[in-house]
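Structure record follows, encoded as structure tokens.
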Amino acid sequence: MKRIKPILIIAILLLVSCEKTSIYATIDNNFKDNRWFKSSKRTLKLEVKKEVSTYDLLFDFRHVHDFQFSEIPIQFIIEDPNGKVSVEKIMLSIKNEKGKDRGECMGDICDLRQVIFREKELIKGDYTISISHQFQGEYLPNVISIGLSLKEIF
């Protein structure tokens, strides 16, 4: 048993250290009454510090458990350091075919992460990303926070 503990600790440390690819993460939790209004486009900024590298961009969505919609269209307008604008759209899948939450839920709060793009080459500099939902109502209810995670691919 004394030999297993150090091996287990080393294995856990190795696993945790392998996840150090995230270079940027941000959360916006300014949703009064848990409502994301259609008119409220969220703008986040990020800085890429390497000249050219490959990245995954992920969308983080925190919501109240048992969300009433199974999917939500989300749009990302990305402006690169040269002023070039691109648009990425995803269908954020909240529930699976059986109606169960896809996210990790603890109590009444669920966290969901979905890929915006994979293995895209980005240049060095500041990026501005505007995020909006394309939900048909005036507001999207039960939203706690949204965020972005940029992960470098080695």
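Note on naming: chains are A, B, ... as they come in the structure tokens, residues start from 1 per chain, ligands start from 1 in the order shown.
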
Report as a ChimeraX atom specification all protein, DNA and RNA residues lying within 10 Å of segment 67-84 of chain A, evaluated on only C-alpha atoms, omitting residues in the same chain fewer than 4 positions from it. /A:41-48,59,63,88-97,99-102,109-110,116,122-136,140-143

Go ahead and save the residues from that selection, with N, CA and C atoms, as a compact mmCIF listing (two decimals), in the first residue's frame.
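Done, and the output landed in out.txt:
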```txt
# COMPACT_ATOMS: atom_id res chain seq x y z
N LYS A 41 -25.68 41.72 -27.06
CA LYS A 41 -24.53 41.02 -27.64
C LYS A 41 -23.39 41.12 -26.64
N ARG A 42 -22.74 40.00 -26.36
CA ARG A 42 -21.63 39.98 -25.41
C ARG A 42 -20.32 40.03 -26.18
N THR A 43 -19.40 40.91 -25.77
CA THR A 43 -18.12 41.05 -26.44
C THR A 43 -17.00 40.70 -25.48
N LEU A 44 -16.17 39.75 -25.90
CA LEU A 44 -15.02 39.31 -25.12
C LEU A 44 -13.77 39.50 -25.95
N LYS A 45 -12.68 39.80 -25.28
CA LYS A 45 -11.39 39.99 -25.98
C LYS A 45 -10.41 38.94 -25.52
N LEU A 46 -9.53 38.57 -26.43
CA LEU A 46 -8.47 37.63 -26.08
C LEU A 46 -7.21 38.01 -26.85
N GLU A 47 -6.08 37.61 -26.28
CA GLU A 47 -4.78 37.91 -26.90
C GLU A 47 -4.05 36.61 -27.19
N VAL A 48 -3.62 36.47 -28.45
CA VAL A 48 -2.78 35.35 -28.84
C VAL A 48 -1.35 35.88 -28.84
N PHE A 59 -16.92 27.09 -26.37
CA PHE A 59 -17.95 27.93 -25.76
C PHE A 59 -18.42 27.25 -24.48
N HIS A 63 -26.15 27.01 -17.13
CA HIS A 63 -27.59 27.26 -17.12
C HIS A 63 -28.25 26.55 -15.96
N GLU A 88 -18.73 32.51 -37.03
CA GLU A 88 -18.86 31.08 -36.69
C GLU A 88 -20.23 30.91 -36.04
N LYS A 89 -20.93 29.85 -36.43
CA LYS A 89 -22.24 29.56 -35.84
C LYS A 89 -22.23 28.13 -35.32
N ILE A 90 -22.87 27.95 -34.17
CA ILE A 90 -23.04 26.61 -33.64
C ILE A 90 -24.49 26.44 -33.21
N MET A 91 -24.91 25.19 -33.16
CA MET A 91 -26.20 24.87 -32.55
C MET A 91 -25.84 24.25 -31.21
N LEU A 92 -25.98 25.02 -30.16
CA LEU A 92 -25.64 24.56 -28.82
C LEU A 92 -26.65 23.50 -28.40
N SER A 93 -26.18 22.28 -28.26
CA SER A 93 -27.04 21.14 -27.94
C SER A 93 -27.11 20.97 -26.42
N ILE A 94 -28.24 21.35 -25.85
CA ILE A 94 -28.42 21.33 -24.39
C ILE A 94 -28.80 19.94 -23.89
N LYS A 95 -29.66 19.25 -24.65
CA LYS A 95 -30.17 17.94 -24.22
C LYS A 95 -29.89 16.87 -25.26
N ASN A 96 -29.78 15.64 -24.80
CA ASN A 96 -29.59 14.52 -25.73
C ASN A 96 -30.95 14.04 -26.26
N GLU A 97 -30.93 12.96 -27.04
CA GLU A 97 -32.14 12.44 -27.67
C GLU A 97 -33.19 12.01 -26.64
N GLY A 99 -33.74 13.57 -23.82
CA GLY A 99 -34.16 14.73 -23.04
C GLY A 99 -33.33 15.01 -21.80
N LYS A 100 -32.21 14.33 -21.66
CA LYS A 100 -31.34 14.52 -20.50
C LYS A 100 -30.31 15.61 -20.81
N ASP A 101 -29.95 16.38 -19.76
CA ASP A 101 -28.94 17.43 -19.93
C ASP A 101 -27.62 16.84 -20.40
N ARG A 102 -27.00 17.48 -21.39
CA ARG A 102 -25.68 17.05 -21.88
C ARG A 102 -24.56 17.54 -20.97
N ILE A 109 -27.50 23.62 -11.13
CA ILE A 109 -26.64 24.31 -12.09
C ILE A 109 -25.94 23.30 -12.99
N CYS A 110 -25.97 23.58 -14.30
CA CYS A 110 -25.33 22.70 -15.28
C CYS A 110 -24.29 23.49 -16.07
N ILE A 116 -16.42 25.60 -30.85
CA ILE A 116 -16.76 26.60 -31.86
C ILE A 116 -15.97 26.29 -33.13
N LEU A 122 -4.21 30.66 -35.78
CA LEU A 122 -4.44 32.05 -35.40
C LEU A 122 -3.10 32.77 -35.37
N ILE A 123 -3.14 34.05 -35.73
CA ILE A 123 -1.93 34.86 -35.71
C ILE A 123 -1.84 35.62 -34.39
N LYS A 124 -0.67 36.14 -34.12
CA LYS A 124 -0.42 36.89 -32.89
C LYS A 124 -1.23 38.18 -32.88
N GLY A 125 -1.76 38.52 -31.70
CA GLY A 125 -2.45 39.80 -31.56
C GLY A 125 -3.76 39.67 -30.80
N ASP A 126 -4.51 40.78 -30.80
CA ASP A 126 -5.76 40.87 -30.05
C ASP A 126 -6.95 40.49 -30.93
N TYR A 127 -7.83 39.67 -30.39
CA TYR A 127 -9.05 39.23 -31.06
C TYR A 127 -10.24 39.75 -30.27
N THR A 128 -11.28 40.17 -30.98
CA THR A 128 -12.53 40.59 -30.36
C THR A 128 -13.61 39.63 -30.84
N ILE A 129 -14.33 39.04 -29.89
CA ILE A 129 -15.37 38.07 -30.22
C ILE A 129 -16.69 38.54 -29.64
N SER A 130 -17.66 38.78 -30.54
CA SER A 130 -19.01 39.17 -30.13
C SER A 130 -19.89 37.92 -30.18
N ILE A 131 -20.61 37.68 -29.10
CA ILE A 131 -21.43 36.47 -28.98
C ILE A 131 -22.89 36.89 -28.86
N SER A 132 -23.73 36.27 -29.67
CA SER A 132 -25.17 36.52 -29.58
C SER A 132 -25.92 35.22 -29.79
N HIS A 133 -27.12 35.16 -29.22
CA HIS A 133 -27.94 33.98 -29.47
C HIS A 133 -28.95 34.33 -30.55
N GLN A 134 -29.39 33.33 -31.26
CA GLN A 134 -30.35 33.52 -32.34
C GLN A 134 -31.71 32.93 -31.94
N PHE A 135 -31.96 32.84 -30.64
CA PHE A 135 -33.22 32.34 -30.09
C PHE A 135 -34.34 33.28 -30.53
N GLN A 136 -35.51 32.73 -30.79
CA GLN A 136 -36.58 33.54 -31.36
C GLN A 136 -37.25 34.50 -30.39
N LEU A 140 -33.39 34.78 -23.77
CA LEU A 140 -33.16 33.38 -23.49
C LEU A 140 -33.16 33.24 -21.96
N PRO A 141 -34.10 32.48 -21.38
CA PRO A 141 -34.18 32.38 -19.92
C PRO A 141 -33.20 31.36 -19.34
N ASN A 142 -33.00 31.47 -18.04
CA ASN A 142 -32.23 30.51 -17.24
C ASN A 142 -30.75 30.41 -17.61
N VAL A 143 -30.18 31.51 -18.07
CA VAL A 143 -28.74 31.57 -18.39
C VAL A 143 -28.01 32.15 -17.18
```

DSSP strand (DSSP E or B) residues within segment 32-134 of chain A, as JSON, numbers by chain: {"A": [36, 37, 42, 43, 44, 45, 46, 47, 48, 49, 50, 51, 52, 53, 54, 55, 56, 57, 58, 59, 60, 61, 62, 63, 64, 71, 72, 73, 74, 75, 76, 77, 78, 79, 85, 86, 87, 88, 89, 90, 91, 92, 93, 95, 101, 104, 105, 106, 109, 110, 111, 112, 113, 114, 115, 116, 117, 118, 119, 120, 121, 122, 123, 124, 125, 126, 127, 128, 129, 130, 131, 132, 133]}

So that I have them on file, write out the residues from the current selection with C-alpha atoms, as an mmCIF file, in the first residue's frame.
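The new file part.cif reads:
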```cif
data_model
loop_
_atom_site.group_PDB
_atom_site.id
_atom_site.type_symbol
_atom_site.label_atom_id
_atom_site.label_comp_id
_atom_site.auth_asym_id
_atom_site.auth_seq_id
_atom_site.Cartn_x
_atom_site.Cartn_y
_atom_site.Cartn_z
ATOM 1 C CA TRP A 36 -29.844 36.804 -21.937
ATOM 2 C CA PHE A 37 -31.665 39.415 -23.996
ATOM 3 C CA ARG A 42 -21.628 39.982 -25.410
ATOM 4 C CA THR A 43 -18.123 41.046 -26.443
ATOM 5 C CA LEU A 44 -15.021 39.315 -25.120
ATOM 6 C CA LYS A 45 -11.394 39.992 -25.977
ATOM 7 C CA LEU A 46 -8.465 37.632 -26.081
ATOM 8 C CA GLU A 47 -4.781 37.912 -26.903
ATOM 9 C CA VAL A 48 -2.777 35.351 -28.838
ATOM 10 C CA LYS A 49 0.881 35.743 -27.909
ATOM 11 C CA LYS A 50 2.552 33.327 -30.359
ATOM 12 C CA GLU A 51 3.320 34.391 -33.924
ATOM 13 C CA VAL A 52 1.311 31.546 -35.486
ATOM 14 C CA SER A 53 -0.126 28.501 -33.771
ATOM 15 C CA THR A 54 -3.132 26.172 -33.946
ATOM 16 C CA TYR A 55 -6.034 26.431 -31.501
ATOM 17 C CA ASP A 56 -9.430 25.075 -30.502
ATOM 18 C CA LEU A 57 -12.035 27.613 -29.395
ATOM 19 C CA LEU A 58 -14.702 26.388 -26.969
ATOM 20 C CA PHE A 59 -17.954 27.927 -25.760
ATOM 21 C CA ASP A 60 -18.874 27.503 -22.089
ATOM 22 C CA PHE A 61 -22.544 27.745 -21.137
ATOM 23 C CA ARG A 62 -23.844 27.585 -17.553
ATOM 24 C CA HIS A 63 -27.587 27.260 -17.118
ATOM 25 C CA VAL A 64 -30.303 26.278 -14.684
ATOM 26 C CA GLU A 71 -30.785 23.449 -28.533
ATOM 27 C CA ILE A 72 -29.943 27.095 -29.085
ATOM 28 C CA PRO A 73 -28.376 28.742 -32.138
ATOM 29 C CA ILE A 74 -25.344 30.829 -31.124
ATOM 30 C CA GLN A 75 -23.339 33.173 -33.357
ATOM 31 C CA PHE A 76 -19.751 34.357 -32.885
ATOM 32 C CA ILE A 77 -18.368 37.328 -34.831
ATOM 33 C CA ILE A 78 -14.582 37.147 -34.604
ATOM 34 C CA GLU A 79 -12.354 40.073 -35.522
ATOM 35 C CA VAL A 85 -14.019 39.491 -39.577
ATOM 36 C CA SER A 86 -15.305 35.922 -39.665
ATOM 37 C CA VAL A 87 -18.559 34.432 -38.449
ATOM 38 C CA GLU A 88 -18.862 31.083 -36.690
ATOM 39 C CA LYS A 89 -22.237 29.558 -35.839
ATOM 40 C CA ILE A 90 -23.037 26.608 -33.637
ATOM 41 C CA MET A 91 -26.197 24.866 -32.554
ATOM 42 C CA LEU A 92 -25.640 24.564 -28.821
ATOM 43 C CA SER A 93 -27.038 21.145 -27.943
ATOM 44 C CA LYS A 95 -30.165 17.942 -24.218
ATOM 45 C CA ASP A 101 -28.943 17.432 -19.933
ATOM 46 C CA GLU A 104 -22.320 18.320 -16.065
ATOM 47 C CA CYS A 105 -24.935 19.175 -13.463
ATOM 48 C CA MET A 106 -24.510 19.701 -9.755
ATOM 49 C CA ILE A 109 -26.641 24.312 -12.091
ATOM 50 C CA CYS A 110 -25.327 22.702 -15.281
ATOM 51 C CA ASP A 111 -22.090 23.430 -17.152
ATOM 52 C CA LEU A 112 -21.865 22.689 -20.852
ATOM 53 C CA ARG A 113 -18.917 23.089 -23.214
ATOM 54 C CA GLN A 114 -19.136 22.945 -27.008
ATOM 55 C CA VAL A 115 -16.533 23.448 -29.727
ATOM 56 C CA ILE A 116 -16.763 26.598 -31.864
ATOM 57 C CA PHE A 117 -13.832 25.614 -34.068
ATOM 58 C CA ARG A 118 -11.055 23.024 -34.010
ATOM 59 C CA GLU A 119 -7.431 23.225 -35.059
ATOM 60 C CA LYS A 120 -7.582 26.704 -36.551
ATOM 61 C CA GLU A 121 -4.415 28.671 -37.153
ATOM 62 C CA LEU A 122 -4.436 32.046 -35.402
ATOM 63 C CA ILE A 123 -1.934 34.862 -35.708
ATOM 64 C CA LYS A 124 -0.420 36.885 -32.890
ATOM 65 C CA GLY A 125 -2.455 39.796 -31.562
ATOM 66 C CA ASP A 126 -5.761 40.865 -30.055
ATOM 67 C CA TYR A 127 -9.046 39.230 -31.057
ATOM 68 C CA THR A 128 -12.534 40.589 -30.365
ATOM 69 C CA ILE A 129 -15.367 38.066 -30.225
ATOM 70 C CA SER A 130 -19.010 39.165 -30.128
ATOM 71 C CA ILE A 131 -21.426 36.473 -28.981
ATOM 72 C CA SER A 132 -25.166 36.521 -29.581
ATOM 73 C CA HIS A 133 -27.943 33.980 -29.471
#
```

Any idea what the distance is between atom CA of Asp108 of chain A and atom CA of Asn34 of chain A?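 Separation of atom CA of Asp108 of chain A and atom CA of Asn34 of chain A: 13.0 Å.
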
What does the distance from atom CA of Ile146 of chain A to atom CA of Thr26 of chain A come to in Å, to one decimal?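 Value for the atom CA of Ile146 of chain A-atom CA of Thr26 of chain A distance: 8.4 Å.
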
Interatomic distance, atom CA of Lys98 of chain A to atom CA of Gly137 of chain A (Å, one decimal):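 Going from atom CA of Lys98 of chain A over to atom CA of Gly137 of chain A covers 24.5 Å.
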
Pull the alpha helix (DSSP H) assignments for chain A out of DSSP run on the backbone, and list those residues as a PyMOL selection string. chain A and resi 4-17
